[in-house]
$ cat my_file-v2.cif   # mmCIF, C-alpha atoms
data_input
#
loop_
_atom_site.label_atom_id
_atom_site.label_comp_id
_atom_site.auth_asym_id
_atom_site.auth_seq_id
_atom_site.Cartn_x
_atom_site.Cartn_y
_atom_site.Cartn_z
CA LEU A 1 198.99 144.03 105.76
CA ASP A 2 200.67 141.96 103.06
CA VAL A 3 201.18 138.30 103.87
CA TYR A 4 203.80 136.10 102.20
CA THR A 5 203.70 132.37 102.77
CA GLU A 6 206.15 131.33 100.06
CA PRO A 7 209.90 132.02 99.82
CA GLY A 8 211.18 134.55 97.29
CA LEU A 9 211.96 138.23 96.77
CA HIS A 10 209.29 140.66 97.91
CA ARG A 11 209.10 144.45 97.72
CA ARG A 12 209.32 146.45 100.95
CA VAL A 13 209.08 150.22 101.37
CA PRO A 14 212.13 151.35 103.42
CA PHE A 15 211.50 153.21 106.72
CA PHE A 16 207.70 152.90 106.37
CA SER A 17 207.12 149.17 106.64
CA SER A 18 208.23 146.46 109.07
CA VAL A 19 208.45 142.70 108.70
CA THR A 20 207.13 140.34 111.38
CA PRO A 21 208.18 136.71 110.87
CA TYR A 22 206.17 133.71 112.09
CA LYS A 23 207.31 130.10 112.01
CA GLN A 24 205.01 127.73 110.15
CA VAL A 25 205.33 125.18 112.96
CA ILE A 26 205.75 126.25 116.61
CA THR A 27 206.79 123.98 119.47
CA ALA A 28 205.66 124.71 123.03
CA THR A 29 207.47 122.73 125.71
CA PHE A 30 206.79 122.25 129.43
CA GLU A 31 209.74 120.37 130.94
CA ASN A 32 211.69 120.03 134.20
CA ASP A 33 210.67 122.84 136.56
CA GLN A 34 208.27 124.20 133.93
CA ALA A 35 206.27 120.95 133.74
CA VAL A 36 202.50 121.37 134.08
CA THR A 37 201.26 120.91 137.66
CA ALA A 38 197.97 119.02 137.48
CA ARG A 39 195.59 117.98 140.26
CA PHE A 40 193.76 114.69 139.75
CA ALA A 41 190.23 113.78 140.77
CA ASP A 42 191.41 112.20 144.06
CA THR A 43 193.24 115.47 144.99
CA TYR A 44 196.71 114.04 144.32
CA VAL A 45 199.07 116.26 142.33
CA GLY A 46 201.43 115.31 139.50
CA MET A 47 204.04 117.12 137.41
CA ILE A 48 203.44 116.36 133.71
CA PRO A 49 206.20 117.24 131.21
CA VAL A 50 204.56 117.71 127.82
CA THR A 51 205.46 119.10 124.40
CA PHE A 52 203.00 120.44 121.81
CA ARG A 53 203.53 121.20 118.12
CA PHE A 54 201.24 123.74 116.47
CA LYS A 55 200.88 124.45 112.77
CA LEU A 56 199.95 128.02 111.91
CA PRO A 57 197.31 128.74 109.25
CA ALA A 58 198.30 128.85 105.58
CA ASN A 59 195.46 131.18 104.55
CA LYS A 60 196.24 134.89 104.59
CA ASP A 61 193.04 135.97 106.35
CA GLY A 62 193.83 133.72 109.32
CA ILE A 63 197.38 135.09 109.52
CA ARG A 64 196.13 138.70 109.38
CA LYS A 65 193.62 138.07 112.19
CA MET A 66 196.30 136.35 114.26
CA HIS A 67 198.82 139.18 113.71
CA ARG A 68 196.34 141.96 114.51
CA GLU A 69 195.56 140.41 117.87
CA PHE A 70 199.04 139.28 118.97
CA ARG A 71 201.46 141.44 116.93
CA SER A 72 204.38 139.00 117.28
CA GLU A 73 205.21 135.31 117.46
CA GLU A 74 206.39 135.66 121.06
CA ASN A 75 203.05 137.08 122.18
CA LEU A 76 201.21 134.39 120.23
CA VAL A 77 203.16 131.64 121.96
CA THR A 78 202.91 132.98 125.51
CA SER A 79 199.41 134.46 125.42
CA LEU A 80 197.59 131.81 123.39
CA LEU A 81 199.45 128.60 122.63
CA MET A 82 201.23 127.84 125.92
CA ARG A 83 198.46 129.19 128.13
CA ASN A 84 195.78 127.20 126.32
CA ALA A 85 197.91 124.03 126.22
CA ALA A 86 198.59 124.19 129.98
CA ASN A 87 194.91 124.86 130.71
CA VAL A 88 193.71 121.87 128.67
CA THR A 89 196.31 119.63 130.35
CA VAL A 90 195.06 120.63 133.81
CA ILE A 91 191.40 120.16 132.83
CA THR A 92 192.07 116.73 131.31
CA ALA A 93 193.83 115.58 134.50
CA THR A 94 190.64 116.15 136.54
CA GLN A 95 189.03 113.30 134.57
CA TYR A 96 191.47 110.80 136.14
CA THR A 97 192.47 109.71 139.61
CA GLY A 98 196.17 109.75 140.44
CA GLU A 99 196.31 105.95 140.57
CA GLU A 100 194.54 105.61 137.21
CA PHE A 101 196.98 108.01 135.61
CA PHE A 102 200.17 106.40 136.91
CA GLN A 103 198.96 102.81 136.60
CA GLY A 104 198.25 102.58 132.88
CA GLY A 105 196.12 105.63 132.06
CA LEU A 106 198.87 107.70 130.43
CA ASN A 107 198.14 106.65 126.85
CA GLN A 108 194.41 107.40 127.12
CA PHE A 109 195.24 110.71 128.81
CA LYS A 110 197.48 111.66 125.88
CA THR A 111 194.73 110.80 123.36
CA GLN A 112 192.10 112.86 125.21
CA LEU A 113 194.52 115.76 125.68
CA ALA A 114 195.28 115.95 121.94
CA ASP A 115 191.56 115.63 121.08
CA GLN A 116 190.47 118.42 123.43
CA LEU A 117 193.29 120.73 122.37
CA GLN A 118 192.44 120.30 118.68
CA ASN A 119 188.63 120.16 118.85
CA GLY A 120 187.68 121.94 122.09
CA ILE A 121 187.50 120.83 125.71
CA TYR A 122 184.67 118.59 126.85
CA LEU A 123 181.78 120.12 128.74
CA THR A 124 181.84 118.28 132.04
CA GLU A 125 179.92 117.90 135.28
CA ARG A 126 181.20 116.81 138.66
CA LYS A 127 179.83 113.41 139.65
CA GLN A 128 180.48 110.73 142.19
CA VAL A 129 181.41 107.68 140.17
CA GLU A 130 182.33 104.13 141.06
CA ILE A 131 185.80 103.07 140.02
CA GLU A 132 187.28 99.59 140.09
CA GLN A 133 190.54 99.28 142.00
CA THR A 134 192.92 96.35 141.94
CA ASP A 135 193.82 95.10 145.39
CA LEU A 136 195.67 92.14 146.82
CA ALA A 137 193.73 89.12 148.04
CA PRO A 138 194.61 87.76 151.49
CA VAL A 139 197.13 84.93 151.46
CA GLY A 140 195.30 81.65 152.00
CA SER A 141 195.09 78.01 151.03
CA HIS A 142 193.45 78.87 147.70
CA ASP A 143 196.81 80.21 146.49
CA ASN A 144 198.11 76.70 145.86
CA GLU A 145 195.05 75.79 143.86
CA SER A 146 195.18 78.93 141.71
CA MET A 147 198.89 78.64 140.87
CA THR A 148 200.50 76.38 138.33
CA GLU A 149 203.92 74.88 138.98
CA GLY A 150 206.62 77.54 138.74
CA SER A 151 204.10 80.41 138.87
CA ARG A 152 204.68 83.21 141.37
CA ALA A 153 202.01 85.69 140.20
CA PRO A 154 200.20 87.54 142.98
CA LYS A 155 196.46 87.01 143.29
CA PHE A 156 194.42 90.20 142.75
CA VAL A 157 190.82 91.03 143.57
CA LYS A 158 188.65 93.87 142.28
CA ALA A 159 187.45 96.43 144.80
CA LYS A 160 184.86 99.18 144.23
CA GLN A 161 185.40 102.74 145.42
CA LEU A 162 183.35 105.94 145.05
CA VAL A 163 185.27 109.07 143.99
CA TRP A 164 184.31 112.50 142.68
CA LYS A 165 185.37 113.05 139.05
CA THR A 166 184.59 115.46 136.23
CA VAL A 167 182.63 113.45 133.68
CA PRO A 168 182.17 114.58 130.03
CA GLN A 169 178.58 115.45 129.10
CA LEU A 170 176.87 113.85 126.09
CA ASP A 171 174.18 115.34 123.87
CA ASP A 172 170.94 113.63 122.80
CA LYS A 173 172.82 111.71 120.10
CA GLY A 174 175.44 110.42 122.50
CA LEU A 175 178.17 112.73 121.20
CA LEU A 176 180.57 114.63 123.42
CA GLN A 177 179.60 118.24 124.09
CA ARG A 178 182.49 120.69 123.70
CA ALA A 179 183.35 124.28 124.50
CA GLU A 180 184.56 126.55 121.71
CA ASN A 181 188.15 125.92 120.68
CA PRO A 182 190.14 129.20 120.88
CA LEU A 183 192.62 127.95 118.25
CA SER A 184 190.01 127.28 115.57
CA GLN A 185 189.22 130.95 114.96
CA TYR A 186 192.78 131.43 113.71
CA GLY A 187 193.04 128.12 111.85
CA ILE A 188 195.82 126.80 114.11
CA ASP A 189 196.16 123.00 114.13
CA VAL A 190 197.69 120.73 116.77
CA THR A 191 199.99 118.31 114.96
CA GLN A 192 201.64 116.48 117.85
CA VAL A 193 201.43 115.95 121.61
CA LEU A 194 204.34 114.27 123.41
CA ILE A 195 204.31 113.41 127.13
CA GLY A 196 207.51 112.77 129.06
CA ASP A 197 207.92 110.87 132.32
CA PRO A 198 205.35 112.32 134.76
CA ARG A 199 206.27 112.71 138.44
CA PRO A 200 203.74 112.09 141.23
CA GLU A 201 203.69 114.10 144.44
CA ALA A 202 205.34 112.53 147.48
CA ASN A 203 202.12 111.13 149.01
CA LEU A 204 200.98 109.54 145.75
CA ASP A 205 204.47 108.17 145.06
CA ARG A 206 204.47 106.64 148.54
CA LEU A 207 201.08 105.02 147.89
CA LEU A 208 202.23 103.52 144.59
CA MET A 209 205.48 102.27 146.14
CA ASP A 210 203.56 100.70 149.05
CA LYS A 211 201.41 98.76 146.58
CA LYS A 212 204.53 97.49 144.81
CA ARG A 213 206.00 96.47 148.17
CA LEU A 214 202.79 94.65 149.15
CA VAL A 215 202.88 92.69 145.86
CA ALA A 216 206.48 91.64 146.54
CA GLU A 217 205.70 90.69 150.15
CA ARG A 218 202.70 88.66 149.08
CA ILE A 219 204.75 86.71 146.53
CA LYS A 220 207.33 85.99 149.22
CA THR A 221 204.64 84.87 151.69
CA VAL A 222 203.07 82.51 149.13
CA GLN A 223 206.47 81.02 148.33
CA GLU A 224 207.19 80.44 152.02
CA GLN A 225 203.74 78.88 152.45
CA GLU A 226 204.33 76.48 149.55
CA THR A 227 207.78 75.55 150.87
CA SER A 228 206.35 74.89 154.34
CA LYS A 229 203.61 72.62 152.91
#

$ encode --input "my_file-v2.cif" --output "structure tokens"
Amino acid sequence: LDVYTEPGLHRRVPFFSSVTPYKQVITATFENDQAVTARFADTYVGMIPVTFRFKLPANKDGIRKMHREFRSEENLVTSLLMRNAANVTVITATQYTGEEFFQGGLNQFKTQLADQLQNGIYLTERKQVEIEQTDLAPVGSHDNESMTEGSRAPKFVKAKQLVWKTVPQLDDKGLLQRAENPLSQYGIDVTQVLIGDPRPEANLDRLLMDKKRLVAERIKTVQEQETSK
């Protein structure tokens, strides 16, 4: 196998040799109906549209190994890149609850997803962990004392809840333990991870909307209480 990574004129024996092209950068996209279906630690499900950009190896030995095993760019994309990307996305989602993900955890999720795709997924264990949830405090007389003039911010309290989550394992030095990265043997790098607007399942969406409604109702109740006083 002769590998050419630079443009130019190259000799080819007619009828006896074939040319298989590979792009230097390949984009794998999961959008709309093809978005990744992920189940979070609290059993809620979300549809996550995500796009990955992969850079193929520049060294000829890596390209030869890759071509011998996949034979074409199409097979490489479907059998390795897209399958591995979807798998890592699903595994990363199990480290979050649905509420965590949709209430501010998206940026951290994206960082961990890119890290695990490039360097190998974390070795994890299933544990019952305590998470801190934000809840609304009951409306009472303390609302007047805690609000400045013109303020209509709802008063929140922190509540503890036990949930089962997959937690990354650490070694003796406190470093994350990882499984072998299937992309590293070919020298494939992950150059970009982009996440679109994720969609929660109906039950989770209803829960999030109910919390928004409770915030609005509480603000209204506090305003009516102040007006009455």

$ closest_residue --input "my_file-v2.cif" --among "A:Leu194, A:Leu106, A:Ile131, A:Ile91" --to "A:Phe40" --atoms "all atoms listed in the file"
A:Ile91

$ atom_distance --input "my_file-v2.cif" --atom1 "atom CA of A:Gly46" --atom2 "atom CA of A:Pro200"
4.3 Å

$ residues_around --input "my_file-v2.cif" --residues "stretch 165-179 of chain A" --least-positions-apart "2" --cutoff "7 Å" --atoms "only C-alpha atoms" --output "ChimeraX atom specification"
/A:41,94-95,120-129,163,181

$ write_last_selection --input "my_file-v2.cif" --atoms "C-alpha atoms" --output "compact mmCIF listing (two decimals), keeping the file's coordinate frame"
# COMPACT_ATOMS: atom_id res chain seq x y z
CA ALA A 41 190.23 113.78 140.77
CA THR A 94 190.64 116.15 136.54
CA GLN A 95 189.03 113.30 134.57
CA GLY A 120 187.68 121.94 122.09
CA ILE A 121 187.50 120.83 125.71
CA TYR A 122 184.67 118.59 126.85
CA LEU A 123 181.78 120.12 128.74
CA THR A 124 181.84 118.28 132.04
CA GLU A 125 179.92 117.90 135.28
CA ARG A 126 181.20 116.81 138.66
CA LYS A 127 179.83 113.41 139.65
CA GLN A 128 180.48 110.73 142.19
CA VAL A 129 181.41 107.68 140.17
CA VAL A 163 185.27 109.07 143.99
CA ASN A 181 188.15 125.92 120.68

$ atom_distance --input "my_file-v2.cif" --atom1 "atom CA of A:Met82" --atom2 "atom CA of A:Lys110"
16.6 Å

$ closest_residue --input "my_file-v2.cif" --among "A:Val222, A:Ala28, A:Leu9, A:Ala93" --to "A:Val77" --atoms "all atoms listed in the file"
A:Ala28

$ resolve_selection --input "my_file-v2.cif" --expression "the PyMOL selection byres ((chain A and resi 59) around 12)" --output "ChimeraX atom specification"
/A:3-6,24,55-58,60-66,186-188

$ resolve_selection --input "my_file-v2.cif" --expression "the PyMOL selection byres ((chain A and resi 20) around 9)" --output "list in words"
Ser18, Val19, Pro21, Tyr22, His67, Arg71, Ser72 and Glu73 of chain A

$ atom_distance --input "my_file-v2.cif" --atom1 "atom CA of A:Phe54" --atom2 "atom CA of A:Ser184"
11.8 Å

$ closest_residue --input "my_file-v2.cif" --among "A:Val13, A:Leu207, A:Val45, A:Val50" --to "A:Glu31" --atoms "all atoms listed in the file"
A:Val50

$ residues_near_point --input "my_file-v2.cif" --point "(201.2, 127.3, 126.9)" --cutoff "10 Å" --atoms "only C-alpha atoms" --output "MDAnalysis selection string"
chainID A and resid 27:30 36 51:52 76:89

$ residues_around --input "my_file-v2.cif" --residues "A:Thr111" --least-positions-apart "6" --cutoff "12 Å" --atoms "only C-alpha atoms" --output "PyMOL selection string"
chain A and resi 89+92+105+117-118+192-195

$ closest_residue --input "my_file-v2.cif" --among "A:Gln108, A:Gln223, A:Thr97, A:Asp33" --to "A:Leu162" --atoms "only C-alpha atoms"
A:Thr97

$ closest_residue --input "my_file-v2.cif" --among "A:Asp42, A:Val190, A:Phe16, A:Val215" --to "A:Ala114" --atoms "only C-alpha atoms"
A:Val190

$ closest_residue --input "my_file-v2.cif" --among "A:Arg213, A:Arg206, A:Arg218, A:Lys229" --to "A:Tyr44" --atoms "only C-alpha atoms"
A:Arg206
